[in-house]
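Undergrad: As input, take structure.txt (compact mmCIF, C-alpha atoms):
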```
# COMPACT_ATOMS: atom_id res chain seq x y z
CA CYS E 1092 158.18 107.69 56.13
CA GLN E 1093 158.55 105.27 59.04
CA PHE E 1094 158.04 101.50 58.89
CA GLY E 1095 159.02 98.27 60.57
CA LEU E 1096 156.26 97.22 62.93
CA SER E 1097 154.72 93.87 62.18
CA SER E 1098 150.99 93.61 61.55
CA ASP E 1099 151.18 90.64 63.95
CA ALA E 1100 151.37 91.94 67.54
CA SER E 1101 153.12 88.78 68.79
CA LEU E 1102 156.01 89.38 66.37
CA SER E 1103 156.34 93.04 67.37
CA LYS E 1104 156.67 91.99 71.02
CA LEU E 1105 159.44 89.50 70.18
CA PHE E 1106 161.73 92.14 68.72
CA LYS E 1107 161.79 94.90 71.34
CA LYS E 1108 165.51 94.93 72.14
CA SER E 1109 167.19 98.27 71.41
CA ILE E 1110 170.48 98.66 69.59
CA GLN E 1111 173.28 101.15 70.21
CA ASP E 1112 173.42 104.40 68.24
CA ASP E 1113 175.89 104.69 65.37
CA LYS E 1114 178.60 107.30 65.48
CA ASN E 1115 177.50 110.46 63.66
CA TRP E 1116 179.50 111.43 60.58
CA LEU E 1117 178.46 115.09 60.96
CA PRO E 1118 178.07 117.29 64.06
CA GLU E 1119 174.77 116.72 65.91
CA GLY E 1120 171.81 119.05 66.25
CA PRO E 1121 169.50 121.08 64.02
CA ALA E 1122 172.18 123.68 63.27
CA HIS E 1123 174.17 120.97 61.46
CA ARG E 1124 171.57 119.50 59.11
CA GLU E 1125 173.81 120.51 56.24
CA HIS E 1126 177.60 120.71 56.32
CA GLU E 1127 179.70 122.07 53.46
CA GLY E 1128 176.88 121.34 50.99
CA VAL E 1129 176.31 117.76 52.21
CA LYS E 1130 172.74 117.20 53.38
CA ARG E 1131 172.58 114.98 56.42
CA PHE E 1132 169.29 113.42 55.38
CA ALA E 1133 168.54 113.81 51.66
CA LYS E 1134 165.59 112.28 49.80
CA GLY E 1135 165.90 108.50 49.81
CA TYR E 1136 168.28 108.27 52.80
CA ILE E 1137 167.52 105.41 55.19
CA ALA E 1138 168.11 105.34 58.95
CA TYR E 1139 166.81 103.61 62.04
CA ALA E 1140 163.92 105.38 63.77
CA GLY E 1141 164.34 106.14 67.43
CA GLY E 1142 163.00 108.29 70.19
CA GLY E 1143 166.11 108.93 72.25
CA LYS E 1144 169.64 107.79 72.92
CA ASN E 1145 170.15 104.09 72.08
CA SER E 1146 166.42 103.61 71.43
CA ARG E 1147 166.59 102.15 67.91
CA ASN E 1148 165.20 98.71 67.10
CA LYS E 1149 163.30 97.27 64.12
CA GLN E 1150 161.79 100.50 62.76
CA LEU E 1151 163.34 102.40 59.87
CA ILE E 1152 162.75 105.78 58.26
CA ILE E 1153 163.20 106.81 54.64
CA SER E 1154 163.30 110.51 53.85
CA LEU E 1155 160.61 111.46 51.35
CA THR E 1156 162.21 114.87 50.72
CA ASP E 1157 165.61 116.49 51.12
CA VAL E 1158 166.28 117.37 54.77
CA GLY E 1159 162.93 116.20 56.09
CA ALA E 1160 161.60 117.08 59.53
CA LEU E 1161 163.74 114.44 61.25
CA ALA E 1162 166.83 115.45 59.30
CA GLY E 1163 169.23 113.11 61.04
CA GLY E 1164 170.21 115.63 63.68
CA SER E 1165 170.26 113.06 66.48
CA PRO E 1166 172.61 110.12 67.10
CA TRP E 1167 169.80 107.59 66.54
CA GLU E 1168 169.06 109.02 63.06
CA VAL E 1169 172.41 108.44 61.34
CA PRO E 1170 171.77 107.42 57.70
CA PHE E 1171 173.19 104.01 56.82
CA GLY E 1172 171.89 103.67 53.28
CA GLU E 1173 170.09 105.31 50.42
CA LEU E 1174 167.77 104.40 47.59
CA VAL E 1175 169.41 104.05 44.21
CA GLY E 1176 167.97 103.94 40.73
CA LYS E 1177 164.98 105.47 39.03
CA HIS E 1178 162.59 102.64 39.98
CA SER E 1179 163.39 102.99 43.68
CA PHE E 1180 162.42 106.67 43.65
CA GLU E 1181 159.29 105.94 41.60
CA THR E 1182 158.24 103.44 44.26
CA LEU E 1183 159.04 105.92 47.04
CA GLY E 1184 156.72 108.43 45.38
CA LYS E 1185 153.83 105.95 45.49
CA ILE E 1186 153.82 105.52 49.29
CA TYR E 1187 150.57 106.85 50.75
CA THR E 1188 151.28 109.61 53.29
CA GLY E 1189 147.77 111.04 53.67
CA TYR E 1190 147.26 109.85 57.25
CA GLY E 1191 150.24 111.87 58.46
CA GLU E 1192 150.27 111.81 62.26
CA ASN E 1193 146.63 110.58 62.32
CA GLY E 1194 147.35 106.97 61.40
CA PRO E 1195 147.44 104.10 63.87
CA THR E 1196 149.77 104.76 66.79
CA GLN E 1197 152.86 102.67 67.39
CA GLY E 1198 151.39 101.65 70.74
CA GLN E 1199 148.25 100.32 69.04
CA LEU E 1200 150.23 98.37 66.47
CA ILE E 1201 152.58 96.86 69.05
CA ALA E 1202 149.74 95.90 71.42
CA GLU E 1203 147.05 94.84 68.94
CA GLY E 1204 148.71 94.40 65.56
CA MET E 1205 146.81 95.35 62.44
CA ASP E 1206 143.43 93.77 63.21
CA GLU E 1207 140.41 93.88 60.89
CA HIS E 1208 139.04 97.05 62.53
CA MET E 1209 142.33 98.88 61.93
CA ARG E 1210 142.61 97.53 58.38
CA THR E 1211 139.19 99.04 57.66
CA ALA E 1212 139.90 102.35 59.43
CA PHE E 1213 143.32 102.73 57.72
CA HIS E 1214 142.64 100.98 54.42
CA ARG E 1215 145.20 103.08 52.49
CA LEU E 1216 148.22 102.05 54.58
CA ASP E 1217 151.03 100.52 52.56
CA TYR E 1218 152.65 97.22 53.55
CA LEU E 1219 155.96 95.56 52.87
CA LYS E 1220 155.19 92.04 51.72
CA SER E 1221 158.77 90.91 51.18
CA CYS E 1222 162.31 92.17 50.89
CA HIS E 1223 165.66 90.77 49.84
CA ILE E 1224 169.33 91.62 49.92
CA ALA E 1225 170.61 92.72 46.54
CA ASP E 1226 173.71 90.93 45.30
CA ARG E 1227 176.55 93.38 45.86
CA ARG E 1228 178.32 92.06 42.78
CA MET E 1229 175.56 93.39 40.52
CA GLN E 1230 176.34 96.39 38.39
CA PRO E 1231 174.66 99.61 39.68
CA GLU E 1232 172.77 100.14 36.42
CA LYS E 1233 170.85 96.88 37.08
CA PHE E 1234 169.15 98.27 40.22
```
Kindly return the structure encoded in the file as C-alpha cells.
TA:
Amino acid sequence: CQFGLSSDASLSKLFKKSIQDDKNWLPEGPAHREHEGVKRFAKGYIAYAGGGKNSRNKQLIISLTDVGALAGGSPWEVPFGELVGKHSFETLGKIYTGYGENGPTQGQLIAEGMDEHMRTAFHRLDYLKSCHIADRRMQPEKF
C-alpha cells in the first residue's frame, strides 16, 4: 500500500526533493528477503517508497502482508517503523486495494491532483485526513 501524494497538485510539486537512502540492516536483493528467520518487510512494516537509488521523498509504503512484492530488498525500501496494536491492524485491513495497478498514476496525481473527474472515476480511494505523532511516553498497551 503506497501513499503520500497530496490531492492538491500544487502541494505535490512543492515537495519533490529526494532524500538519501538509509543504510540497510540486512543484505540487499531478493535472495535476502529473510535472514535467520527475520522478515525484511513483514505485515505492517513502513518504509519510504522509491524507484531507484536516493529517490525517496514524501511517499510511504506499508506492507499489507508478510514479505510483500516490494519486500525491502532495495536500499530505498529500508523499514523504519511498524504498526502496533490491534486497532492499527484492523485499520490496515480496511484499506481498499481493489484498483491495484489500475488506479490513478503518480504522474496524474502530481500534475493534476485529485480533481472531480478523478474522484468520480476512483471513488473508492482511501484518504488520510490527518495524522499525529504519538507521545513516546505512552504505555504500549494504550496504542
Undergrad: Just want the 8 Å neighbourhood of segment 1194-1211 of chain E, counted on only C-alpha atoms, with same-chain residues fewer than 4 positions away dropped. Output as number ranges by chain.
TA: E: 1096-1101, 1103-1104, 1190
Undergrad: Would you work out the distance separating atom CA of Gly1143 of chain E from atom CA of Ile1110 of chain E, expressed in Å to one decimal?
TA: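 We find that atom CA of Gly1143 of chain E and atom CA of Ile1110 of chain E lie 11.5 Å from each other.
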Undergrad: Pick the closest to Ser1109 of chain E from E:Lys1177, E:His1214, E:Lys1149, E:His1223: which is it, counting only C-alpha atoms?
TA: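 Smallest distance to Ser1109 of chain E is found for E:Lys1149.
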Undergrad: Between atom CA of Cys1222 of chain E and atom CA of Pro1166 of chain E, measure the distance and give it in Å to one decimal.
TA: 26.3 Å
Undergrad: Contacts of Gln1150 of chain E at 8 Å or less, counting all atoms listed in the file, minus same-chain residues fewer than 6 places along, as a list in words?
TA: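 Listed by chain and then number, they are Gln1093, Phe1094, Gly1095, Leu1096, Tyr1139, Ala1140 and Gly1141 of chain E.
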Undergrad: Find the spatial neighbours of Glu1173 of chain E, counting only C-alpha atoms, within a cut-off of 7 Å - ignore same-chain residues fewer than 2 positions away - and output them as a list in words.
TA: Gly1135, Tyr1136, Ile1137 and Val1175 of chain E
Undergrad: Which one is closest to Thr1188 of chain E: E:Leu1216, E:Thr1156, E:Leu1105, E:Ile1224? Count all atoms listed in the file.
TA: E:Leu1216
Undergrad: Please give the centre and size of the box around segment 1096-1111 of chain E (axis-aligned, containing every atom listed in the file, 4 Å added per side), with values in Å to one decimal and written as lines of an AutoDock Vina configuration file.
TA:
```
center_x = 162.1
center_y = 95.0
center_z = 66.8
size_x = 30.3
size_y = 20.4
size_z = 18.6
```
Undergrad: Of the candidates E:Val1169, E:Leu1174, E:Gln1111, E:Arg1215, which shows the shortest atom-to-atom distance to Asn1148 of chain E, using all atoms listed in the file?
TA: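 Closest to Asn1148 of chain E of all the choices is E:Gln1111.
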Undergrad: So what do you get for atom CA of Phe1180 of chain E versus atom CA of Leu1219 of chain E, distance-wise?
TA: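 Distance between the two atoms: 15.8 Å.
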